[in-house]
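Peer 1: Coordinates in input23.tsv, TSV, C-alpha atoms and all ligand atoms, are listed below.
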```tsv
chain	number	residue	atom	x	y	z
A	1	MET	CA	13.54	10.16	-18.56
A	2	ILE	CA	14.37	7.60	-15.88
A	3	ASP	CA	11.59	8.07	-13.37
A	4	LEU	CA	12.56	6.92	-9.87
A	5	ARG	CA	10.00	9.09	-8.07
A	6	SER	CA	7.56	6.26	-7.37
A	7	ASP	CA	6.48	2.81	-8.46
A	8	THR	CA	3.12	4.35	-9.39
A	9	VAL	CA	4.58	5.85	-12.57
A	10	THR	CA	4.72	2.60	-14.55
A	11	ARG	CA	2.91	2.32	-17.85
A	12	PRO	CA	1.04	-0.86	-18.82
A	13	THR	CA	3.16	-3.32	-20.79
A	14	ALA	CA	2.15	-4.34	-24.30
A	15	ALA	CA	0.87	-7.68	-22.97
A	16	MET	CA	-1.15	-5.93	-20.26
A	17	ARG	CA	-2.66	-3.57	-22.84
A	18	ARG	CA	-3.65	-6.59	-24.96
A	19	ALA	CA	-5.35	-8.21	-21.97
A	20	MET	CA	-7.21	-4.94	-21.35
A	21	ALA	CA	-8.25	-4.60	-24.98
A	22	GLU	CA	-9.60	-8.14	-25.07
A	23	ALA	CA	-11.43	-7.95	-21.73
A	24	GLU	CA	-14.97	-9.24	-21.64
A	25	VAL	CA	-16.97	-6.65	-19.70
A	26	GLY	CA	-20.31	-6.06	-17.99
A	27	ASP	CA	-21.78	-3.43	-15.67
A	28	ASP	CA	-20.01	-3.84	-12.35
A	29	VAL	CA	-22.55	-1.76	-10.42
A	30	TYR	CA	-24.99	-4.58	-11.31
A	31	GLY	CA	-22.28	-7.05	-10.24
A	32	GLU	CA	-22.09	-8.26	-13.84
A	33	ASP	CA	-18.51	-7.61	-14.85
A	34	PRO	CA	-16.95	-11.08	-15.12
A	35	LEU	CA	-13.34	-10.00	-14.73
A	36	VAL	CA	-14.04	-7.76	-11.74
A	37	ASN	CA	-15.83	-10.69	-10.11
A	38	ALA	CA	-12.90	-12.97	-10.94
A	39	LEU	CA	-10.39	-10.45	-9.59
A	40	GLU	CA	-12.33	-9.96	-6.35
A	41	GLU	CA	-12.65	-13.72	-5.78
A	42	ARG	CA	-9.00	-14.29	-6.56
A	43	VAL	CA	-7.65	-11.55	-4.30
A	44	ALA	CA	-9.95	-12.51	-1.42
A	45	ALA	CA	-8.66	-16.09	-1.63
A	46	MET	CA	-5.03	-14.96	-1.89
A	47	PHE	CA	-5.36	-13.14	1.43
A	48	GLY	CA	-7.49	-15.76	3.18
A	49	HIS	CA	-10.59	-13.58	3.36
A	50	GLU	CA	-14.21	-14.24	2.38
A	51	ALA	CA	-14.74	-11.38	-0.01
A	52	ALA	CA	-13.17	-8.42	-1.79
A	53	LEU	CA	-14.09	-5.14	-3.42
A	54	PHE	CA	-12.38	-3.55	-6.42
A	55	VAL	CA	-11.86	0.16	-5.74
A	56	PRO	CA	-10.28	2.94	-7.83
A	57	SER	CA	-7.43	3.73	-5.44
A	58	GLY	CA	-5.49	2.68	-2.40
A	59	THR	CA	-6.82	5.74	-0.62
A	60	MET	CA	-10.40	4.61	-1.13
A	61	GLY	CA	-9.48	1.07	-0.07
A	62	ASN	CA	-7.88	2.34	3.13
A	63	GLN	CA	-10.60	4.80	4.00
A	64	ILE	CA	-13.50	2.42	3.41
A	65	GLY	CA	-11.52	-0.31	5.18
A	66	MET	CA	-11.07	1.86	8.26
A	67	ARG	CA	-14.71	2.99	8.18
A	68	LEU	CA	-15.81	-0.66	8.24
A	69	VAL	CA	-14.03	-1.22	11.56
A	70	CYS	CA	-14.50	2.20	13.17
A	71	GLN	CA	-17.63	4.30	13.73
A	72	PRO	CA	-17.76	8.11	13.58
A	73	GLY	CA	-16.52	9.54	16.88
A	74	GLN	CA	-14.25	6.57	17.53
A	75	GLU	CA	-10.55	6.48	16.76
A	76	VAL	CA	-8.08	4.62	14.58
A	77	LEU	CA	-4.61	4.38	16.10
A	78	GLY	CA	-1.56	4.16	13.85
A	79	ASP	CA	1.98	5.18	13.09
A	80	ALA	CA	2.75	8.91	12.87
A	81	GLU	CA	4.30	8.42	9.41
A	82	ALA	CA	1.51	6.19	8.08
A	83	HIS	CA	0.13	6.93	4.63
A	84	VAL	CA	-3.44	6.93	5.98
A	85	VAL	CA	-2.71	9.97	8.15
A	86	THR	CA	-0.02	11.66	6.03
A	87	TYR	CA	-1.15	11.50	2.42
A	88	GLU	CA	-4.89	10.87	2.40
A	89	MET	CA	-5.99	14.45	2.91
A	90	GLY	CA	-7.53	13.88	6.32
A	91	ALA	CA	-10.18	11.71	4.67
A	92	ALA	CA	-10.88	9.71	7.82
A	93	ALA	CA	-12.04	12.91	9.54
A	94	ALA	CA	-13.26	14.89	6.53
A	95	VAL	CA	-15.33	12.11	4.97
A	96	PHE	CA	-16.14	9.62	7.72
A	97	GLY	CA	-15.91	11.47	11.06
A	98	LEU	CA	-13.21	9.14	12.33
A	99	SER	CA	-10.67	10.39	14.80
A	100	THR	CA	-7.06	9.34	14.23
A	101	ARG	CA	-4.28	9.22	16.81
A	102	THR	CA	-0.67	8.36	16.13
A	103	VAL	CA	2.43	7.10	17.87
A	104	VAL	CA	5.99	7.96	16.88
A	105	SER	CA	7.70	4.64	16.33
A	106	GLU	CA	11.35	3.72	16.00
A	107	GLY	CA	11.94	4.14	12.25
A	108	GLY	CA	8.42	3.06	11.35
A	109	VAL	CA	8.92	-0.45	12.76
A	110	LEU	CA	5.68	-1.78	14.20
A	111	SER	CA	5.85	-2.31	17.96
A	112	ALA	CA	2.75	-4.13	19.17
A	113	ASP	CA	3.46	-3.18	22.78
A	114	GLN	CA	3.79	0.50	21.93
A	115	LEU	CA	0.47	0.58	20.10
A	116	ILE	CA	-1.32	-1.54	22.69
A	117	SER	CA	-0.14	0.79	25.46
A	118	GLN	CA	-1.88	3.70	23.70
A	119	VAL	CA	-5.25	2.03	23.10
A	120	ARG	CA	-8.15	3.70	24.87
A	121	PRO	CA	-11.09	1.63	26.12
A	122	PHE	CA	-14.77	1.77	25.27
A	123	GLY	CA	-17.27	2.73	27.97
A	124	ASN	CA	-15.26	5.52	29.59
A	125	TRP	CA	-17.10	8.84	29.70
A	126	HIS	CA	-13.95	10.82	29.16
A	127	LEU	CA	-12.02	8.95	26.50
A	128	THR	CA	-12.37	8.57	22.73
A	129	PRO	CA	-12.42	4.79	22.30
A	130	THR	CA	-9.91	3.08	20.02
A	131	ALA	CA	-11.91	0.92	17.63
A	132	ALA	CA	-9.08	-0.04	15.30
A	133	VAL	CA	-5.34	-0.06	14.77
A	134	ALA	CA	-3.89	0.64	11.30
A	135	VAL	CA	-0.71	-1.05	10.15
A	136	GLU	CA	1.29	-0.28	6.97
A	137	ASN	CA	3.31	-3.03	5.25
A	138	THR	CA	5.58	-2.23	3.55
A	139	HIS	CA	5.91	1.15	5.24
A	140	ASN	CA	6.30	3.82	2.58
A	141	ARG	CA	7.78	6.69	4.61
A	142	ALA	CA	10.01	4.25	6.47
A	143	GLY	CA	11.73	3.43	3.18
A	144	GLY	CA	9.77	0.36	2.12
A	145	LEU	CA	10.25	-1.38	5.45
A	146	VAL	CA	8.81	-4.88	5.90
A	147	GLN	CA	7.02	-5.14	9.25
A	148	PRO	CA	8.20	-7.92	11.60
A	149	LEU	CA	5.83	-10.88	11.47
A	150	GLU	CA	6.09	-11.49	15.24
A	151	GLU	CA	4.83	-7.97	15.93
A	152	LEU	CA	1.92	-8.35	13.51
A	153	GLU	CA	1.04	-11.67	15.16
A	154	LYS	CA	1.30	-10.23	18.64
A	155	LEU	CA	-0.89	-7.25	17.76
A	156	PHE	CA	-3.54	-9.40	16.08
A	157	ALA	CA	-3.64	-11.97	18.91
A	158	TRP	CA	-4.06	-9.17	21.44
A	159	SER	CA	-6.74	-7.46	19.32
A	160	ARG	CA	-9.00	-10.54	19.39
A	161	ASP	CA	-9.36	-10.37	23.17
A	162	ALA	CA	-9.42	-6.58	23.27
A	163	GLY	CA	-12.24	-6.19	20.73
A	164	VAL	CA	-10.07	-3.87	18.62
A	165	SER	CA	-9.92	-4.37	14.85
A	166	VAL	CA	-6.83	-4.28	12.65
A	167	HIS	CA	-6.71	-2.54	9.26
A	168	LEU	CA	-3.77	-3.27	6.97
A	169	ASP	CA	-2.61	-0.70	4.43
A	170	GLY	CA	-1.05	-3.27	2.13
A	171	ALA	CA	-0.43	-1.03	-0.85
A	172	ARG	CA	2.91	-2.84	-1.22
A	173	ILE	CA	2.14	-6.07	0.62
A	174	TRP	CA	3.36	-7.93	-2.47
A	175	ASN	CA	6.83	-6.45	-1.95
A	176	ALA	CA	6.69	-7.47	1.71
A	177	ALA	CA	5.74	-11.06	0.82
A	178	VAL	CA	8.41	-11.38	-1.87
A	179	ALA	CA	11.12	-9.89	0.38
A	180	SER	CA	10.23	-11.84	3.53
A	181	GLY	CA	8.91	-15.09	2.10
A	182	VAL	CA	5.84	-14.73	4.34
A	183	PRO	CA	2.78	-15.91	2.37
A	184	LEU	CA	0.17	-13.33	1.41
A	185	ASP	CA	-2.57	-15.21	3.25
A	186	THR	CA	-0.53	-15.10	6.47
A	187	TYR	CA	-0.42	-11.31	6.21
A	188	GLY	CA	-4.10	-11.26	5.21
A	189	ARG	CA	-5.25	-13.35	8.18
A	190	LEU	CA	-3.58	-10.89	10.56
A	191	ALA	CA	-6.00	-8.11	9.59
A	192	ASP	CA	-9.78	-7.60	9.64
A	193	THR	CA	-9.68	-5.32	6.61
A	194	ALA	CA	-6.81	-4.95	4.14
A	195	SER	CA	-6.34	-2.69	1.14
A	196	VAL	CA	-3.87	-3.94	-1.48
A	197	CYS	CA	-2.81	-2.02	-4.59
A	198	LEU	CA	-2.46	-3.22	-8.16
A	199	SER	CA	-1.11	0.11	-9.40
A	200	LYS	CA	2.19	0.31	-7.50
A	201	GLY	CA	4.87	-2.35	-7.95
A	202	LEU	CA	2.49	-4.62	-9.86
A	203	GLY	CA	2.28	-2.14	-12.70
A	204	ALA	CA	-1.47	-1.96	-13.37
A	205	PRO	CA	-2.65	1.53	-14.39
A	206	VAL	CA	-5.47	1.80	-11.84
A	207	GLY	CA	-7.01	-0.11	-8.99
A	208	SER	CA	-6.83	-1.49	-5.50
A	209	VAL	CA	-8.71	-4.28	-3.77
A	210	LEU	CA	-10.18	-4.22	-0.27
A	211	VAL	CA	-10.50	-7.62	1.41
A	212	ALA	CA	-12.57	-8.47	4.49
A	213	SER	CA	-15.46	-10.66	5.64
A	214	ALA	CA	-18.47	-11.01	3.31
A	215	ASP	CA	-20.62	-8.84	5.60
A	216	ARG	CA	-18.05	-6.07	5.73
A	217	ILE	CA	-17.51	-6.12	1.97
A	218	ALA	CA	-21.29	-5.89	1.41
A	219	GLU	CA	-21.27	-2.73	3.53
A	220	GLY	CA	-18.10	-1.53	1.80
A	221	ARG	CA	-19.90	-1.79	-1.53
A	222	LEU	CA	-22.44	0.77	-0.25
A	223	TRP	CA	-19.68	3.11	0.86
A	224	ARG	CA	-17.93	2.77	-2.50
A	225	LYS	CA	-21.18	3.75	-4.27
A	226	ARG	CA	-21.75	6.68	-1.91
A	227	LEU	CA	-18.27	7.95	-2.66
A	228	GLY	CA	-18.86	7.75	-6.40
A	229	GLY	CA	-16.61	4.74	-6.79
A	230	GLY	CA	-19.22	2.51	-8.46
A	231	MET	CA	-17.62	1.86	-11.83
A	232	ARG	CA	-19.30	0.32	-14.87
A	233	GLN	CA	-17.47	-1.69	-17.59
A	234	VAL	CA	-14.40	-1.73	-15.44
A	235	GLY	CA	-13.30	-5.19	-16.52
A	236	VAL	CA	-10.77	-3.42	-18.74
A	237	LEU	CA	-9.01	-2.43	-15.51
A	238	ALA	CA	-9.62	-5.73	-13.74
A	239	ALA	CA	-7.97	-7.41	-16.75
A	240	ALA	CA	-4.85	-5.34	-16.08
A	241	GLY	CA	-4.96	-6.36	-12.41
A	242	LEU	CA	-5.36	-10.05	-13.23
A	243	HIS	CA	-2.52	-9.83	-15.72
A	244	ALA	CA	-0.36	-8.17	-13.06
A	245	LEU	CA	-1.12	-10.95	-10.57
A	246	ASP	CA	-0.13	-13.55	-13.17
A	247	HIS	CA	3.07	-11.87	-14.36
A	248	HIS	CA	4.31	-9.15	-12.03
A	249	VAL	CA	4.46	-10.51	-8.50
A	250	GLU	CA	7.57	-12.74	-8.47
A	251	ARG	CA	9.48	-10.21	-10.56
A	252	LEU	CA	9.36	-7.75	-7.64
A	253	ALA	CA	12.51	-9.58	-6.49
A	254	ASP	CA	14.25	-7.95	-9.49
A	255	ASP	CA	13.14	-4.50	-8.30
A	256	HIS	CA	14.49	-5.28	-4.84
A	257	ALA	CA	17.84	-6.44	-6.24
A	258	ARG	CA	18.09	-3.30	-8.39
A	259	ALA	CA	17.33	-1.09	-5.39
A	260	ARG	CA	20.12	-2.80	-3.45
A	261	ARG	CA	22.52	-2.33	-6.36
A	262	LEU	CA	21.55	1.30	-6.69
A	263	ALA	CA	22.18	1.81	-2.97
A	264	GLU	CA	25.56	0.07	-3.01
A	265	ARG	CA	26.77	2.08	-5.97
A	266	LEU	CA	25.58	5.35	-4.41
A	267	GLY	CA	27.33	4.57	-1.12
A	268	VAL	CA	24.10	3.99	0.79
A	269	ASP	CA	24.14	1.21	3.38
A	270	PRO	CA	22.35	-1.69	1.63
A	271	ALA	CA	21.02	-2.78	5.03
A	272	THR	CA	18.68	0.23	4.81
A	273	VAL	CA	17.14	-1.16	1.61
A	274	HIS	CA	14.29	-3.48	2.52
A	275	THR	CA	12.37	-3.72	-0.75
A	276	ASN	CA	12.23	-1.37	-3.75
A	277	MET	CA	13.12	1.96	-2.10
A	278	VAL	CA	16.43	3.73	-1.56
A	279	VAL	CA	16.53	6.69	0.81
A	280	LEU	CA	19.23	9.34	0.47
A	281	ASP	CA	19.49	11.23	3.75
A	282	GLY	CA	21.37	14.41	4.54
A	283	VAL	CA	21.25	15.70	0.97
A	284	ALA	CA	20.20	19.11	-0.39
A	285	ALA	CA	17.04	17.61	-1.83
A	286	PRO	CA	15.75	20.46	-4.03
A	287	MET	CA	19.18	21.01	-5.61
A	288	LEU	CA	19.79	17.32	-6.12
A	289	ALA	CA	16.35	16.77	-7.66
A	290	ALA	CA	16.71	19.74	-10.02
A	291	ALA	CA	20.21	18.76	-11.14
A	292	ALA	CA	19.20	15.11	-11.67
A	293	LYS	CA	16.16	16.18	-13.66
A	294	GLY	CA	18.41	18.21	-15.92
A	295	GLU	CA	20.26	14.95	-16.68
A	296	GLY	CA	17.07	12.96	-17.28
A	297	VAL	CA	16.61	11.32	-13.86
A	298	LEU	CA	13.56	12.08	-11.74
A	299	VAL	CA	13.75	11.56	-7.97
A	300	SER	CA	11.31	12.26	-5.16
A	301	GLU	CA	11.93	14.97	-2.56
A	302	VAL	CA	10.57	13.65	0.73
A	303	SER	CA	11.90	16.61	2.72
A	304	ALA	CA	14.51	19.35	2.36
A	305	THR	CA	17.22	16.82	3.24
A	306	ARG	CA	15.76	13.52	2.09
A	307	VAL	CA	15.37	12.07	-1.39
A	308	ARG	CA	13.68	8.80	-2.28
A	309	LEU	CA	14.41	6.54	-5.25
A	310	LEU	CA	12.12	3.69	-6.24
A	311	THR	CA	12.74	0.82	-8.61
A	312	HIS	CA	9.83	-0.62	-10.58
A	313	LEU	CA	8.69	-2.33	-13.75
A	314	ASP	CA	9.98	0.48	-15.99
A	315	VAL	CA	13.47	0.55	-14.45
A	316	ASP	CA	15.85	-1.99	-15.97
A	317	ASP	CA	19.57	-2.59	-15.37
A	318	ALA	CA	20.57	0.05	-17.93
A	319	ALA	CA	18.36	2.60	-16.15
A	320	VAL	CA	20.08	1.78	-12.84
A	321	ASP	CA	23.48	2.26	-14.49
A	322	ARG	CA	22.43	5.59	-15.97
A	323	ALA	CA	20.89	6.77	-12.69
A	324	VAL	CA	24.16	5.98	-10.89
A	325	GLU	CA	26.12	7.90	-13.52
A	326	VAL	CA	23.92	10.95	-12.94
A	327	LEU	CA	23.40	10.78	-9.18
A	328	ALA	CA	26.82	9.67	-7.89
A	329	PRO	CA	28.65	12.90	-8.88
A	330	LEU	CA	25.81	14.98	-7.39
A	331	LEU	CA	26.24	13.23	-4.05
B	1	LIG	C1	1.48	2.93	1.59
B	1	LIG	C2	0.46	3.52	0.69
B	1	LIG	N1	-0.83	3.38	0.99
B	1	LIG	C3	-1.80	3.88	0.20
B	1	LIG	C4	-1.49	4.56	-0.94
B	1	LIG	C5	-2.61	5.19	-1.73
B	1	LIG	O1	-2.77	4.71	-2.99
B	1	LIG	P1	-3.49	5.61	-4.12
B	1	LIG	O2	-2.46	6.56	-4.59
B	1	LIG	O3	-3.88	4.59	-5.13
B	1	LIG	O4	-4.65	6.28	-3.48
B	1	LIG	C6	-0.15	4.73	-1.31
B	1	LIG	C7	0.19	5.49	-2.54
B	1	LIG	O5	1.33	5.64	-2.91
B	1	LIG	C8	0.85	4.20	-0.47
B	1	LIG	O6	2.15	4.37	-0.73
```
The structure in this file should be written as structure tokens.
Ligand SMILES: Cc1ncc(COP(=O)(O)O)c(C=O)c1O

Peer 2:
Amino acid sequence: MIDLRSDTVTRPTAAMRRAMAEAEVGDDVYGEDPLVNALEERVAAMFGHEAALFVPSGTMGNQIGMRLVCQPGQEVLGDAEAHVVTYEMGAAAAVFGLSTRTVVSEGGVLSADQLISQVRPFGNWHLTPTAAVAVENTHNRAGGLVQPLEELEKLFAWSRDAGVSVHLDGARIWNAAVASGVPLDTYGRLADTASVCLSKGLGAPVGSVLVASADRIAEGRLWRKRLGGGMRQVGVLAAAGLHALDHHVERLADDHARARRLAERLGVDPATVHTNMVVLDGVAAPMLAAAAKGEGVLVSEVSATRVRLLTHLDVDDAAVDRAVEVLAPLL
């Protein structure tokens, strides 16, 4: 099977498995797992933050991150297609009592002015105050879009005076950095809390890292424990994450090139390919997905008329060729 449904489907490489097998471990709930500590220090430094917290998933990273900058009864404002409001099972409300409000943007592209115009102030007896704004980079449902740096800068500069925090869902921030050339710490410094994933394009089997100030991460550690996310000899997973940071970041450029090639050969405008995602619009998605599956190619049905293809660590040039052979006649 050639699995283009998501970049989460990768399996650890032989070298990553070796690193996991050889990991020195301790009890991380006691703060004694050396590789988790090393991973947290490394990722915090990469993003220009004081501290970091290893969490089991991007969802937990996002939800704790938002809780750290928003109190129950206050709101987080974000894009209508954001992962935090689309795919996280209403966790902000169900778990933390946070209200979320969304704006419909132009194709998922962050517009600082649009978000700022929707922010509601504190101290008004009628209005739910906006404590935080959530940004997604790259934007999953916008086809792996890289957010414009000027808009991120404008939003963050405004937020300092406005007393509003910024949370970054950086599940694929690595793809954004590789595609745009913007350093990770530049993206990191434009957010108060940021969740970054090791288990998407980077190819680790499990794990995300939340970065923030030391005080916020200390509080985040309590929330992680309350949610049952305190893990023990989890250095076996941190070893995979560290290995991914050493070996799988720069190679994301290969995934991006393969996505562009896939698009070109399927007649999709390559200008719509920003990173590792190709979106096929106006297709009969269920039929296309079923027929492709019959030929050994798995694709993701985003809607009845939209299919998504992702390139990743387990998709090489031969897999792209084969996927084109199968998909082109179906289109
Ligand atoms: C943009 C984005 N944020 C967050 C997540 C959540 O990550 P997880 O599946 O590890 O909870 C995903 C998952 O695909 C994602 O695409």

Peer 1: Go through the chains and note each residue within 8 Å of ligand LIG 1 (chain B), using all atoms listed in the file, then give the set as a ChimeraX atom specification.

Peer 2: /A:6,8,56-62,82-84,87-88,136-141,169-172,197,199-200,206-208

Peer 1: Using only C-alpha atoms, determine which residues lie at most 9 Å from region 302-305 of chain A, disregarding the query and same-chain residues fewer than 4 positions distant; provide the list as a list in words.

Peer 2: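 Within the cut-off, the hits are Arg141, Leu280, Asp281, Gly282, Val283, Ala284, Ala285 and Pro286 of chain A.
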
Peer 1: Which residues, written as a PyMOL selection string, have at least one atom at most 8 Å from Ile64 (chain A), with all atoms listed in the file counted and residues fewer than 4 positions away on the same chain left out?

Peer 2: chain A and resi 60+68+220+223-224

Peer 1: Using only C-alpha atoms, find the one residue out of A:His274, A:Leu184, A:Gly294, A:Leu4 that sits nearest to Ala253 (chain A).

Peer 2: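 Looking only at the distances to Ala253 (chain A), the closest residue turns out to be A:His274.
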
Peer 1: Looking at A:Ala214, A:Met277, A:Ala323, A:Ile173, which one is nearest to Ser195 (chain A), with distances taken over only C-alpha atoms?

Peer 2: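 For Ser195 (chain A), the nearest of the given residues is A:Ile173.
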
Peer 1: So that I can see what lies close to region 43-49 of chain A, please list as a list in words the residues with an atom at most 9 Å from it, counting all atoms listed in the file and leaving out residues fewer than 2 positions away in the same chain.

Peer 2: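 Residues meeting the cut-off are Ala38, Leu39, Glu40, Glu41, Ala51, Ala52, Leu53, Pro183, Leu184, Asp185, Thr186, Tyr187, Gly188, Arg189, Asp192, Thr193, Ala194, Val196, Val209, Leu210, Val211, Ala212, Ser213 and Ala214 of chain A.
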
Peer 1: Got time to write the residues from that selection, C-alpha atoms, as a PDB file, in the coordinates of the input?

Peer 2:
```pdb
ATOM      1  CA  ALA A  38     -12.900 -12.970 -10.940  1.00  0.00           C
ATOM      2  CA  LEU A  39     -10.390 -10.450  -9.590  1.00  0.00           C
ATOM      3  CA  GLU A  40     -12.330  -9.960  -6.350  1.00  0.00           C
ATOM      4  CA  GLU A  41     -12.650 -13.720  -5.780  1.00  0.00           C
ATOM      5  CA  ALA A  51     -14.740 -11.380  -0.010  1.00  0.00           C
ATOM      6  CA  ALA A  52     -13.170  -8.420  -1.790  1.00  0.00           C
ATOM      7  CA  LEU A  53     -14.090  -5.140  -3.420  1.00  0.00           C
ATOM      8  CA  PRO A 183       2.780 -15.910   2.370  1.00  0.00           C
ATOM      9  CA  LEU A 184       0.170 -13.330   1.410  1.00  0.00           C
ATOM     10  CA  ASP A 185      -2.570 -15.210   3.250  1.00  0.00           C
ATOM     11  CA  THR A 186      -0.530 -15.100   6.470  1.00  0.00           C
ATOM     12  CA  TYR A 187      -0.420 -11.310   6.210  1.00  0.00           C
ATOM     13  CA  GLY A 188      -4.100 -11.260   5.210  1.00  0.00           C
ATOM     14  CA  ARG A 189      -5.250 -13.350   8.180  1.00  0.00           C
ATOM     15  CA  ASP A 192      -9.780  -7.600   9.640  1.00  0.00           C
ATOM     16  CA  THR A 193      -9.680  -5.320   6.610  1.00  0.00           C
ATOM     17  CA  ALA A 194      -6.810  -4.950   4.140  1.00  0.00           C
ATOM     18  CA  VAL A 196      -3.870  -3.940  -1.480  1.00  0.00           C
ATOM     19  CA  VAL A 209      -8.710  -4.280  -3.770  1.00  0.00           C
ATOM     20  CA  LEU A 210     -10.180  -4.220  -0.270  1.00  0.00           C
ATOM     21  CA  VAL A 211     -10.500  -7.620   1.410  1.00  0.00           C
ATOM     22  CA  ALA A 212     -12.570  -8.470   4.490  1.00  0.00           C
ATOM     23  CA  SER A 213     -15.460 -10.660   5.640  1.00  0.00           C
ATOM     24  CA  ALA A 214     -18.470 -11.010   3.310  1.00  0.00           C
TER      25      ALA A 214
END
```

Peer 1: Around all the atoms of region 301-320 of chain A listed in the file, draw an axis-aligned box and extend it by 3 Å on each of the six sides; I want its centre and edge lengths in Å to one decimal, as AutoDock Vina command-line options.

Peer 2:
```
--center_x 14.6 --center_y 8.4 --center_z -7.3 --size_x 17.9 --size_y 27.9 --size_z 27.2
```

Peer 1: Hey, can you check how far CA of Ala162 (chain A) sits from CA of Glu75 (chain A)?

Peer 2: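 It comes out at 14.6 Å.
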
Peer 1: State, in Å with one decimal place, the distance from CA of Val76 (chain A) to CA of Ala177 (chain A).

Peer 2: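 If I compute the distance from CA of Val76 (chain A) to CA of Ala177 (chain A), I get 25.0 Å.
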
Peer 1: Would you list the contacts of Ala289 (chain A) as a short mmCIF file (atom, residue, chain, number, x, y, z; two decimals) with C-alpha atoms, keeping the file's coordinate frame, taking every protein, DNA or RNA residue within 9 Å and counting only C-alpha atoms, but skipping same-chain residues closer than 5 positions in sequence?

Peer 2:
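Final file, result.cif:
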```
data_model
loop_
_atom_site.label_atom_id
_atom_site.label_comp_id
_atom_site.auth_asym_id
_atom_site.auth_seq_id
_atom_site.Cartn_x
_atom_site.Cartn_y
_atom_site.Cartn_z
CA ALA A 284 20.20 19.11 -0.39
CA GLY A 294 18.41 18.21 -15.92
CA VAL A 297 16.61 11.32 -13.86
CA LEU A 298 13.56 12.08 -11.74
CA VAL A 299 13.75 11.56 -7.97
CA SER A 300 11.31 12.26 -5.16
CA GLU A 301 11.93 14.97 -2.56
CA VAL A 307 15.37 12.07 -1.39
#
```

Peer 1: Give me, as a Markdown table, the closest atom pair and its distance (Å, one decimal) for every residue of region 9-108 of chain A within a cut-off of 12 Å of region 313-321 of chain A, counting only C-alpha atoms, rows sorted by chain and rising number.

Peer 2:
```
| residue | atom | partner | partner_atom | distance |
| --- | --- | --- | --- | --- |
| A:Val9 | CA | A:Asp314 | CA | 8.3 |
| A:Thr10 | CA | A:Asp314 | CA | 5.9 |
| A:Arg11 | CA | A:Asp314 | CA | 7.5 |
| A:Pro12 | CA | A:Leu313 | CA | 9.3 |
| A:Thr13 | CA | A:Leu313 | CA | 9.0 |
```

Peer 1: Write the selection just made, keeping C-alpha atoms, as a short mmCIF file (atom, residue, chain, number, x, y, z; two decimals), keeping the file's coordinate frame?

Peer 2:
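Output (part_31.cif):
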```cif
data_model
loop_
_atom_site.label_atom_id
_atom_site.label_comp_id
_atom_site.auth_asym_id
_atom_site.auth_seq_id
_atom_site.Cartn_x
_atom_site.Cartn_y
_atom_site.Cartn_z
CA VAL A 9 4.58 5.85 -12.57
CA THR A 10 4.72 2.60 -14.55
CA ARG A 11 2.91 2.32 -17.85
CA PRO A 12 1.04 -0.86 -18.82
CA THR A 13 3.16 -3.32 -20.79
#
```

Peer 1: Enter the distance from CA of Ala132 (chain A) to CA of Met66 (chain A), in Å, rounded to one decimal.

Peer 2: 7.6 Å

Peer 1: For a cut-off of 12 Å around (-11.9, -4.5, -26.1), file coordinates, pick out all residues using all atoms listed in the file and list them as a ChimeraX atom specification.

Peer 2: /A:17-26,233-237,239
